[in-house]
>>> print(open('upload_19.txt').read())   # compact mmCIF, C-alpha atoms and all ligand atoms
# COMPACT_ATOMS: atom_id res chain seq x y z
CA MET A 1 -5.08 5.58 -20.26
CA ILE A 2 -4.05 6.01 -16.64
CA ARG A 3 -1.15 8.39 -16.13
CA ILE A 4 0.51 8.53 -12.74
CA LYS A 5 3.18 11.14 -12.39
CA ASP A 6 5.35 11.64 -9.31
CA LEU A 7 2.54 10.54 -7.06
CA SER A 8 3.24 10.69 -3.34
CA PHE A 9 0.65 10.34 -0.61
CA ARG A 10 0.66 10.44 3.16
CA TYR A 11 -2.49 9.60 5.15
CA ARG A 12 -3.56 12.40 7.49
CA GLY A 13 -1.96 11.93 10.87
CA SER A 14 0.72 9.59 9.55
CA SER A 15 4.40 10.49 9.46
CA GLU A 16 5.30 8.00 6.71
CA TYR A 17 4.42 8.24 3.05
CA ALA A 18 2.23 5.34 1.93
CA LEU A 19 3.07 6.21 -1.69
CA SER A 20 6.37 7.63 -2.71
CA ARG A 21 7.03 9.15 -6.14
CA ILE A 22 5.12 6.66 -8.25
CA ASN A 23 5.46 7.00 -12.01
CA VAL A 24 3.61 4.65 -14.31
CA GLU A 25 1.32 4.62 -17.33
CA ILE A 26 -1.34 1.98 -17.75
CA ARG A 27 -2.54 1.75 -21.32
CA PRO A 28 -5.99 0.76 -22.59
CA GLY A 29 -6.29 -3.01 -22.87
CA ASP A 30 -3.49 -3.62 -20.41
CA PHE A 31 -3.66 -6.44 -17.86
CA LEU A 32 -1.42 -5.35 -14.99
CA GLY A 33 -0.67 -7.36 -11.88
CA ILE A 34 0.59 -5.57 -8.78
CA ILE A 35 2.54 -7.52 -6.21
CA GLY A 36 4.44 -6.61 -3.07
CA PRO A 37 4.60 -7.26 0.67
CA SER A 38 1.98 -6.21 3.20
CA GLY A 39 2.10 -2.46 3.80
CA ALA A 40 3.84 -1.80 0.46
CA GLY A 41 1.10 0.65 -0.56
CA LYS A 42 -0.78 -1.52 -3.07
CA SER A 43 -4.24 -0.75 -1.72
CA THR A 44 -3.33 2.91 -1.30
CA LEU A 45 -2.30 3.06 -4.96
CA SER A 46 -5.64 1.49 -5.89
CA TYR A 47 -7.39 4.17 -3.80
CA GLY A 48 -5.49 6.76 -5.82
CA ILE A 49 -6.78 5.23 -9.05
CA ASN A 50 -10.42 5.14 -7.91
CA GLY A 51 -10.23 8.55 -6.24
CA LEU A 52 -10.78 7.36 -2.63
CA VAL A 53 -7.38 8.94 -2.09
CA PRO A 54 -7.69 11.82 -1.39
CA HIS A 55 -11.51 12.19 -1.56
CA HIS A 56 -12.37 9.59 1.06
CA PHE A 57 -8.98 9.22 2.78
CA PRO A 58 -7.58 12.72 3.23
CA GLY A 59 -3.87 13.44 3.43
CA ASP A 60 -0.95 15.07 1.67
CA PHE A 61 -1.17 14.36 -2.04
CA TYR A 62 1.60 15.33 -4.46
CA GLY A 63 1.93 14.70 -8.18
CA ALA A 64 -0.85 13.89 -10.60
CA LEU A 65 -3.09 11.00 -11.51
CA THR A 66 -5.33 11.17 -14.58
CA ILE A 67 -7.74 8.62 -16.01
CA ASN A 68 -8.49 9.18 -19.68
CA GLY A 69 -7.61 12.80 -19.09
CA LEU A 70 -9.79 13.07 -15.97
CA ASP A 71 -7.80 14.52 -13.08
CA THR A 72 -8.76 12.54 -9.97
CA ILE A 73 -8.17 15.56 -7.73
CA THR A 74 -10.77 17.72 -9.46
CA ALA A 75 -13.14 14.96 -10.62
CA GLY A 76 -15.75 13.58 -8.21
CA THR A 77 -15.57 9.95 -7.12
CA GLU A 78 -18.76 9.19 -9.06
CA ALA A 79 -17.28 10.42 -12.35
CA ILE A 80 -14.22 8.27 -11.64
CA ALA A 81 -16.42 5.26 -10.78
CA ARG A 82 -17.87 5.39 -14.29
CA GLN A 83 -14.38 4.83 -15.66
CA VAL A 84 -12.98 2.51 -12.99
CA GLY A 85 -14.92 -0.35 -11.40
CA SER A 86 -13.36 -1.40 -8.10
CA VAL A 87 -13.44 -4.65 -6.17
CA PHE A 88 -12.08 -3.85 -2.71
CA GLN A 89 -9.89 -5.89 -0.42
CA ASP A 90 -12.52 -5.57 2.33
CA ILE A 91 -15.35 -7.36 0.58
CA ASP A 92 -17.96 -6.82 3.32
CA ALA A 93 -17.55 -3.05 3.11
CA GLN A 94 -18.31 -3.31 -0.61
CA MET A 95 -21.73 -4.92 -0.36
CA VAL A 96 -24.75 -2.63 -0.38
CA ALA A 97 -27.69 -5.01 -0.91
CA SER A 98 -28.92 -7.95 1.13
CA VAL A 99 -29.65 -10.33 -1.77
CA VAL A 100 -27.16 -11.36 -4.47
CA GLU A 101 -29.16 -10.30 -7.54
CA ASP A 102 -29.99 -6.94 -5.93
CA GLU A 103 -26.29 -6.27 -5.41
CA ILE A 104 -25.76 -6.57 -9.17
CA LEU A 105 -29.00 -4.77 -10.11
CA PHE A 106 -28.18 -1.86 -7.82
CA GLY A 107 -25.11 -0.91 -9.83
CA LEU A 108 -26.80 -1.44 -13.19
CA GLU A 109 -29.72 0.81 -12.22
CA ASN A 110 -27.46 3.37 -10.61
CA PHE A 111 -25.41 3.62 -13.78
CA GLY A 112 -28.54 4.15 -15.87
CA VAL A 113 -28.11 0.97 -17.94
CA PRO A 114 -31.14 0.72 -20.30
CA ARG A 115 -33.96 -1.46 -18.86
CA GLU A 116 -33.94 -3.91 -21.78
CA GLU A 117 -30.24 -4.66 -21.19
CA ILE A 118 -30.42 -5.16 -17.45
CA ALA A 119 -31.77 -8.74 -17.31
CA GLU A 120 -29.23 -10.00 -19.84
CA ARG A 121 -26.29 -8.33 -18.10
CA LEU A 122 -27.41 -9.73 -14.75
CA GLU A 123 -27.60 -13.30 -16.07
CA ASN A 124 -24.31 -13.01 -17.95
CA ALA A 125 -22.45 -11.69 -14.94
CA LEU A 126 -23.87 -14.39 -12.65
CA HIS A 127 -22.94 -17.16 -15.09
CA ALA A 128 -19.49 -15.85 -15.87
CA ALA A 129 -18.63 -15.55 -12.19
CA GLY A 130 -19.98 -19.07 -11.61
CA ILE A 131 -22.67 -17.99 -9.13
CA ALA A 132 -25.90 -18.46 -11.10
CA ASP A 133 -27.14 -20.75 -8.32
CA LEU A 134 -26.64 -18.02 -5.71
CA LYS A 135 -28.89 -15.46 -7.42
CA THR A 136 -31.58 -15.31 -4.75
CA ARG A 137 -29.40 -16.07 -1.73
CA THR A 138 -28.87 -13.51 1.01
CA ILE A 139 -25.38 -12.08 1.03
CA ARG A 140 -25.18 -12.69 4.78
CA SER A 141 -25.38 -16.44 4.17
CA LEU A 142 -22.44 -16.55 1.74
CA SER A 143 -18.85 -17.56 2.36
CA GLY A 144 -16.02 -15.05 1.86
CA GLY A 145 -15.15 -16.59 -1.49
CA GLN A 146 -18.75 -16.46 -2.69
CA LYS A 147 -18.95 -12.79 -1.71
CA GLN A 148 -15.81 -12.11 -3.73
CA LYS A 149 -17.49 -13.63 -6.76
CA VAL A 150 -20.61 -11.49 -6.18
CA ALA A 151 -18.50 -8.33 -5.96
CA ILE A 152 -16.68 -9.26 -9.16
CA ALA A 153 -19.98 -10.02 -10.94
CA ALA A 154 -21.47 -6.69 -9.79
CA ILE A 155 -18.53 -4.73 -11.16
CA THR A 156 -18.09 -6.63 -14.42
CA ALA A 157 -21.83 -6.29 -15.16
CA LEU A 158 -21.22 -2.54 -15.43
CA ARG A 159 -18.55 -3.13 -18.11
CA PRO A 160 -16.39 -0.19 -17.13
CA GLY A 161 -13.32 0.57 -19.27
CA ILE A 162 -11.04 -0.22 -16.33
CA ILE A 163 -11.50 -2.84 -13.62
CA LEU A 164 -9.39 -2.61 -10.49
CA LEU A 165 -9.34 -5.58 -8.11
CA ASP A 166 -7.61 -5.69 -4.74
CA GLU A 167 -6.77 -9.30 -3.88
CA PRO A 168 -9.92 -10.72 -5.48
CA THR A 169 -8.92 -14.32 -4.79
CA GLY A 170 -7.85 -13.87 -1.17
CA GLU A 171 -10.63 -16.13 0.10
CA LEU A 172 -10.84 -18.45 -2.88
CA ASP A 173 -9.54 -21.96 -3.38
CA PRO A 174 -7.06 -22.58 -6.24
CA GLN A 175 -9.70 -23.72 -8.74
CA SER A 176 -12.00 -20.73 -8.10
CA SER A 177 -9.00 -18.38 -8.25
CA TRP A 178 -8.06 -19.84 -11.62
CA ASN A 179 -11.65 -19.42 -12.83
CA ILE A 180 -11.75 -15.77 -11.75
CA PHE A 181 -8.50 -15.02 -13.61
CA THR A 182 -9.78 -16.88 -16.67
CA TYR A 183 -12.85 -14.63 -16.56
CA LEU A 184 -10.72 -11.48 -16.15
CA LYS A 185 -8.61 -12.55 -19.12
CA GLU A 186 -11.72 -13.02 -21.20
CA LEU A 187 -12.94 -9.51 -20.29
CA ASN A 188 -9.51 -8.22 -21.24
CA ASP A 189 -9.25 -10.19 -24.52
CA ARG A 190 -12.82 -9.90 -25.72
CA TYR A 191 -13.84 -6.43 -24.59
CA GLY A 192 -10.44 -4.80 -24.26
CA ILE A 193 -11.20 -3.89 -20.64
CA THR A 194 -8.09 -2.70 -18.81
CA ILE A 195 -7.53 -4.91 -15.79
CA ILE A 196 -5.44 -3.94 -12.77
CA VAL A 197 -5.20 -6.65 -10.16
CA ILE A 198 -3.42 -6.68 -6.83
CA GLU A 199 -2.61 -10.30 -6.08
CA GLN A 200 -0.32 -12.30 -3.80
CA LYS A 201 -0.42 -15.48 -5.88
CA ILE A 202 2.45 -14.91 -8.24
CA LEU A 203 1.85 -18.08 -10.24
CA LEU A 204 -1.60 -16.80 -11.20
CA LEU A 205 -0.16 -13.45 -12.21
CA CYS A 206 2.58 -15.09 -14.27
CA GLU A 207 0.01 -17.19 -16.06
CA PHE A 208 -2.51 -14.49 -16.87
CA VAL A 209 -1.27 -10.89 -16.77
CA LYS A 210 0.58 -8.97 -19.47
CA ARG A 211 2.57 -6.73 -17.17
CA LEU A 212 3.77 -6.89 -13.58
CA ALA A 213 4.57 -4.16 -11.08
CA LEU A 214 6.37 -4.68 -7.79
CA MET A 215 5.75 -2.29 -4.91
CA ASP A 216 7.79 -2.03 -1.73
CA LYS A 217 7.73 0.63 0.99
CA GLY A 218 5.44 2.91 -0.99
CA ALA A 219 7.58 2.85 -4.12
CA LEU A 220 7.03 1.12 -7.42
CA ILE A 221 10.36 -0.60 -7.83
CA LEU A 222 9.84 -2.78 -10.90
CA GLU A 223 7.42 -2.55 -13.79
CA GLY A 224 7.42 -4.29 -17.12
CA ASP A 225 6.26 -7.34 -19.03
CA VAL A 226 6.20 -10.62 -17.10
CA PRO A 227 9.46 -12.15 -18.41
CA THR A 228 11.35 -8.94 -17.70
CA VAL A 229 10.07 -8.51 -14.15
CA MET A 230 10.52 -12.20 -13.33
CA GLY A 231 14.12 -11.82 -14.48
CA TYR A 232 14.73 -9.73 -11.34
CA ALA A 233 14.44 -12.73 -9.03
CA ASP A 234 16.72 -11.23 -6.38
CA THR A 235 14.80 -7.94 -6.21
CA LEU A 236 11.51 -9.83 -5.96
CA LYS A 237 12.86 -12.01 -3.17
CA ALA A 238 14.36 -9.07 -1.30
CA ALA A 239 10.89 -7.49 -1.34
CA GLY A 240 9.47 -10.65 0.22
CA VAL A 241 7.78 -12.05 -2.89
CA ASN A 242 7.54 -15.82 -2.97
CA ILE A 243 8.94 -16.43 -6.42
CA PRO A 244 8.02 -19.67 -8.24
CA ARG A 245 10.36 -22.57 -7.44
CA VAL A 246 11.29 -22.92 -11.08
CA THR A 247 12.41 -19.25 -11.10
CA GLU A 248 14.40 -19.84 -7.93
CA LEU A 249 16.12 -22.81 -9.57
CA GLY A 250 16.84 -20.76 -12.71
CA SER A 251 18.30 -18.01 -10.59
CA LYS A 252 20.61 -20.46 -8.78
CA LEU A 253 21.75 -22.06 -12.03
CA ALA A 254 22.37 -18.61 -13.51
CA ALA A 255 24.42 -17.59 -10.45
CA ARG A 256 26.65 -20.61 -11.08
CA ALA A 257 26.86 -19.76 -14.78
CA TRP A 258 25.12 -22.99 -15.71
CA TYR A 259 22.35 -21.09 -17.40
CA GLN A 260 22.34 -17.80 -19.24
CA GLY A 261 18.84 -17.46 -20.67
CA LYS A 262 15.73 -15.70 -19.35
CA LEU A 263 14.60 -16.93 -15.96
CA PRO A 264 11.66 -19.33 -16.31
CA TYR A 265 8.42 -18.79 -14.39
CA THR A 266 6.26 -21.59 -15.76
CA LEU A 267 6.89 -25.33 -15.62
CA ALA A 268 7.10 -25.50 -19.42
CA GLN A 269 9.80 -22.84 -19.44
CA GLY A 270 11.58 -24.69 -16.64
CA GLU A 271 11.65 -27.81 -18.74
CA VAL A 272 13.20 -25.93 -21.66
CA MET A 273 15.80 -24.50 -19.29
CA MET A 274 16.67 -27.91 -17.84
CA ARG A 275 17.06 -29.43 -21.30
CA GLN A 276 19.45 -26.63 -22.15
CA VAL A 277 21.42 -27.00 -18.90
CA LEU A 278 21.68 -30.78 -19.09
CA SER A 279 22.77 -30.79 -22.70
CA ARG A 280 25.72 -28.52 -21.93
CA LYS A 281 29.10 -30.22 -21.94
CA GLN A 282 30.96 -29.42 -18.73
CA PRO A 283 34.32 -30.70 -17.45
CA ALA A 284 33.58 -33.53 -15.01
CA ARG A 285 35.25 -31.91 -11.99
CA GLU A 286 33.59 -28.51 -12.10
CA GLY A 287 30.49 -29.59 -10.32
CA SER A 288 27.20 -30.46 -11.89
CA PRO A 289 23.92 -28.63 -12.24
CA HIS A 290 22.53 -31.02 -9.61
CA ALA A 291 24.67 -29.20 -7.08
CA ALA A 292 22.53 -26.13 -7.65
CA LEU A 293 19.38 -28.00 -6.71
N1 LIG A 301 -6.65 4.41 6.22
C1 LIG A 301 -5.37 4.50 6.56
N2 LIG A 301 -4.92 5.46 7.42
C2 LIG A 301 -3.62 5.56 7.76
N3 LIG A 301 -2.65 4.76 7.28
C3 LIG A 301 -3.03 3.79 6.42
C4 LIG A 301 -4.39 3.61 6.02
N4 LIG A 301 -4.45 2.57 5.15
C5 LIG A 301 -3.19 2.13 5.03
N5 LIG A 301 -2.33 2.86 5.78
C6 LIG A 301 -0.86 2.69 5.87
O1 LIG A 301 -0.31 2.92 4.58
C7 LIG A 301 0.72 1.97 4.28
C8 LIG A 301 0.37 1.20 3.02
O2 LIG A 301 -0.78 0.40 3.30
P1 LIG A 301 -1.58 -0.38 2.18
O3 LIG A 301 -2.83 -0.86 2.84
O4 LIG A 301 -1.73 0.49 1.00
O5 LIG A 301 -0.60 -1.58 1.86
P2 LIG A 301 -0.87 -2.93 1.04
O6 LIG A 301 0.30 -3.11 0.14
O7 LIG A 301 -2.21 -2.88 0.42
O8 LIG A 301 -0.80 -4.05 2.18
P3 LIG A 301 -1.62 -5.46 2.30
O9 LIG A 301 -0.89 -6.43 1.41
O10 LIG A 301 -1.49 -5.80 3.74
O11 LIG A 301 -3.03 -5.23 1.87
C9 LIG A 301 0.85 1.10 5.53
O12 LIG A 301 1.90 1.62 6.31
C10 LIG A 301 -0.48 1.26 6.23
O13 LIG A 301 -0.34 1.13 7.61
MG MG A 302 -3.90 -4.00 0.60
>>> encode(input="upload_19.txt", output="structure tokens", more="lines below")
Ligand SMILES: Nc1ncnc2c1ncn2[C@@H]1O[C@H](COP(=O)(O)OP(=O)(O)OP(=O)(O)O)[C@@H](O)[C@H]1O
Ligand SMILES: [Mg+2]
Amino acid sequence: MIRIKDLSFRYRGSSEYALSRINVEIRPGDFLGIIGPSGAGKSTLSYGINGLVPHHFPGDFYGALTINGLDTITAGTEAIARQVGSVFQDIDAQMVASVVEDEILFGLENFGVPREEIAERLENALHAAGIADLKTRTIRSLSGGQKQKVAIAAITALRPGIILLDEPTGELDPQSSWNIFTYLKELNDRYGITIIVIEQKILLLCEFVKRLALMDKGALILEGDVPTVMGYADTLKAAGVNIPRVTELGSKLAARAWYQGKLPYTLAQGEVMMRQVLSRKQPAREGSPHAAL
């Protein structure tokens, strides 16, 4: 369980708070997606969760953040790393080895994983991330997207209780992004690993995560299950989030009182909404739902 209470943080030398009074609990087995515009504080919040704030990035830190009871202020970053595996936004800074398999082995050996388990975990992680063919390649020769997959494989091989990923699909094409989220969902479903993922692609989040959080200007302004958060289409848009077109349409129809249900965020839900809207009997002169399109 991650408990964040009244967390505020200002980087040393900065006049603005990068995090402002954040309150949230992330339960075991949760799959939380964090969205928000550039500069909202998403990465800074992730640094709070893995202890880089304030241990690596000093500054003014107020409030409390605990991970399974471990206070990140008093715990060392290594103790936190055993609970939280992180995939950083800056993927090059993450890599420590020069060959793909060594990158994965490094973590496994460092964490003291028993010898007899190491080979199996290495192969599993490579296969699951779809990079078995890259095993002996040098990291220098990989594309950005391939490096993201290596970083994800290296972290998931450690099977930490919590995995935190900062824009893990930033360099990936749609199919690879989908595959990575499918893999994260499997880790969440099968092993109950808590997943926290910062992601700009809202359609992916809507499809895979259980809960969504919206950050803007250092604050966490919405948090809840996906249908609830997607119901706040105007707040999401005001924060600069590109909401799905079907949600946009639902929001317009709702504004004209043509639709009263929950805002859709998948195509299937959009279809249900449109059936409902088109089957409504309206007086001929009061406009038609097509006007909302
Ligand atoms: N190392 C740092 N030192 C000082 N200020 C920083 C540092 N890292 C981030 N900031 C500032 O903190 C604020 C939040 O930045 P952060 O990187 O957490 O946002 P973000 O939501 O992750 O943005 P993006 O979507 O661009 O990755 C910004 O104003 C940023 O300029
Ligand atoms: Mg960021």
>>> closest_residue(input="upload_19.txt", among="A:Ala93, A:Ala254, A:Ile202, A:Leu45", to="ligand LIG 301 (chain A)", atoms="all atoms listed in the file")
A:Leu45
>>> residues_near_ligand(input="upload_19.txt", ligand="ligand LIG 301 (chain A)", cutoff="7 Å", atoms="all atoms listed in the file", output="count of residues only")
16
>>> closest_residue(input="upload_19.txt", among="A:Leu249, A:Met273, A:Leu172, A:Ile2", to="Val84 (chain A)", atoms="only C-alpha atoms")
A:Ile2
>>> closest_residue(input="upload_19.txt", among="A:Val87, A:Ala238, A:Ile193, A:Val24", to="ligand MG 302 (chain A)", atoms="all atoms listed in the file")
A:Val87
>>> axis_aligned_box(input="upload_19.txt", around="region 225-231 of chain A", padding_each_side="5 Å", output="JSON")
{"center_x": 10.2, "center_y": -9.8, "center_z": -16.2, "size_x": 17.9, "size_y": 14.9, "size_z": 15.7}
>>> closest_residue(input="upload_19.txt", among="A:Val241, A:Leu32, A:Ala219, A:Met274", to="Tyr17 (chain A)", atoms="all atoms listed in the file")
A:Ala219
>>> closest_residue(input="upload_19.txt", among="A:Tyr62, A:Phe88, A:Phe9, A:Tyr259", to="ligand MG 302 (chain A)", atoms="only C-alpha atoms and all ligand atoms")
A:Phe88
>>> atom_distance(input="upload_19.txt", atom1="CA of Ala75 (chain A)", atom2="CA of Gly112 (chain A)")
19.5 Å
>>> closest_residue(input="upload_19.txt", among="A:Gln200, A:Gln175, A:Thr247, A:Asn124", to="ligand MG 302 (chain A)", atoms="all atoms listed in the file")
A:Gln200
>>> atom_distance(input="upload_19.txt", atom1="CA of Asp189 (chain A)", atom2="CA of Val229 (chain A)")
22.0 Å
>>> residues_around(input="upload_19.txt", residues="region 100-110 of chain A", least_positions_apart="3", cutoff="8 Å", atoms="all atoms listed in the file", output="VMD selection string")
chain A and resid 95 to 97 113 118 122 134 to 139 150 153 to 155 157 to 158
>>> write_last_selection(input="upload_19.txt", atoms="C-alpha atoms", output="PDB file, in the coordinates of the input")
ATOM      1  CA  MET A  95     -21.730  -4.920  -0.360  1.00  0.00           C
ATOM      2  CA  VAL A  96     -24.750  -2.630  -0.380  1.00  0.00           C
ATOM      3  CA  ALA A  97     -27.690  -5.010  -0.910  1.00  0.00           C
ATOM      4  CA  VAL A 113     -28.110   0.970 -17.940  1.00  0.00           C
ATOM      5  CA  ILE A 118     -30.420  -5.160 -17.450  1.00  0.00           C
ATOM      6  CA  LEU A 122     -27.410  -9.730 -14.750  1.00  0.00           C
ATOM      7  CA  LEU A 134     -26.640 -18.020  -5.710  1.00  0.00           C
ATOM      8  CA  LYS A 135     -28.890 -15.460  -7.420  1.00  0.00           C
ATOM      9  CA  THR A 136     -31.580 -15.310  -4.750  1.00  0.00           C
ATOM     10  CA  ARG A 137     -29.400 -16.070  -1.730  1.00  0.00           C
ATOM     11  CA  THR A 138     -28.870 -13.510   1.010  1.00  0.00           C
ATOM     12  CA  ILE A 139     -25.380 -12.080   1.030  1.00  0.00           C
ATOM     13  CA  VAL A 150     -20.610 -11.490  -6.180  1.00  0.00           C
ATOM     14  CA  ALA A 153     -19.980 -10.020 -10.940  1.00  0.00           C
ATOM     15  CA  ALA A 154     -21.470  -6.690  -9.790  1.00  0.00           C
ATOM     16  CA  ILE A 155     -18.530  -4.730 -11.160  1.00  0.00           C
ATOM     17  CA  ALA A 157     -21.830  -6.290 -15.160  1.00  0.00           C
ATOM     18  CA  LEU A 158     -21.220  -2.540 -15.430  1.00  0.00           C
TER      19      LEU A 158
END
>>> residues_around(input="upload_19.txt", residues="Ile180 (chain A)", least_positions_apart="5", cutoff="9 Å", atoms="only C-alpha atoms", output="PyMOL selection string")
chain A and resi 128-130+149+152+168-169+175+185
>>> atom_distance(input="upload_19.txt", atom1="CA of Gly144 (chain A)", atom2="CA of Glu171 (chain A)")
5.8 Å
>>> residues_around(input="upload_19.txt", residues="Gly51 (chain A)", least_positions_apart="6", cutoff="10 Å", atoms="all atoms listed in the file", output="ChimeraX atom specification")
/A:45,57,65,71-81,84
>>> residues_near_point(input="upload_19.txt", point="(0.7, -6.0, -16.2)", cutoff="10 Å", atoms="only C-alpha atoms", output="ChimeraX atom specification")
/A:26-27,30-34,194-197,205-206,208-213,223-226,229
>>> write_last_selection(input="upload_19.txt", atoms="C-alpha atoms", output="JSON list (two decimals), keeping the file's coordinate frame")
[["chain", "number", "residue", "atom", "x", "y", "z"],
["A", 26, "ILE", "CA", -1.34, 1.98, -17.75],
["A", 27, "ARG", "CA", -2.54, 1.75, -21.32],
["A", 30, "ASP", "CA", -3.49, -3.62, -20.41],
["A", 31, "PHE", "CA", -3.66, -6.44, -17.86],
["A", 32, "LEU", "CA", -1.42, -5.35, -14.99],
["A", 33, "GLY", "CA", -0.67, -7.36, -11.88],
["A", 34, "ILE", "CA", 0.59, -5.57, -8.78],
["A", 194, "THR", "CA", -8.09, -2.70, -18.81],
["A", 195, "ILE", "CA", -7.53, -4.91, -15.79],
["A", 196, "ILE", "CA", -5.44, -3.94, -12.77],
["A", 197, "VAL", "CA", -5.20, -6.65, -10.16],
["A", 205, "LEU", "CA", -0.16, -13.45, -12.21],
["A", 206, "CYS", "CA", 2.58, -15.09, -14.27],
["A", 208, "PHE", "CA", -2.51, -14.49, -16.87],
["A", 209, "VAL", "CA", -1.27, -10.89, -16.77],
["A", 210, "LYS", "CA", 0.58, -8.97, -19.47],
["A", 211, "ARG", "CA", 2.57, -6.73, -17.17],
["A", 212, "LEU", "CA", 3.77, -6.89, -13.58],
["A", 213, "ALA", "CA", 4.57, -4.16, -11.08],
["A", 223, "GLU", "CA", 7.42, -2.55, -13.79],
["A", 224, "GLY", "CA", 7.42, -4.29, -17.12],
["A", 225, "ASP", "CA", 6.26, -7.34, -19.03],
["A", 226, "VAL", "CA", 6.20, -10.62, -17.10],
["A", 229, "VAL", "CA", 10.07, -8.51, -14.15]]
>>> residues_around(input="upload_19.txt", residues="Ser141 (chain A)", least_positions_apart="6", cutoff="10 Å", atoms="all atoms listed in the file", output="VMD selection string")
chain A and resid 98 to 99 147
>>> write_last_selection(input="upload_19.txt", atoms="C-alpha atoms", output="PDB file, in the coordinates of the input")
ATOM      1  CA  SER A  98     -28.920  -7.950   1.130  1.00  0.00           C
ATOM      2  CA  VAL A  99     -29.650 -10.330  -1.770  1.00  0.00           C
ATOM      3  CA  LYS A 147     -18.950 -12.790  -1.710  1.00  0.00           C
TER       4      LYS A 147
END
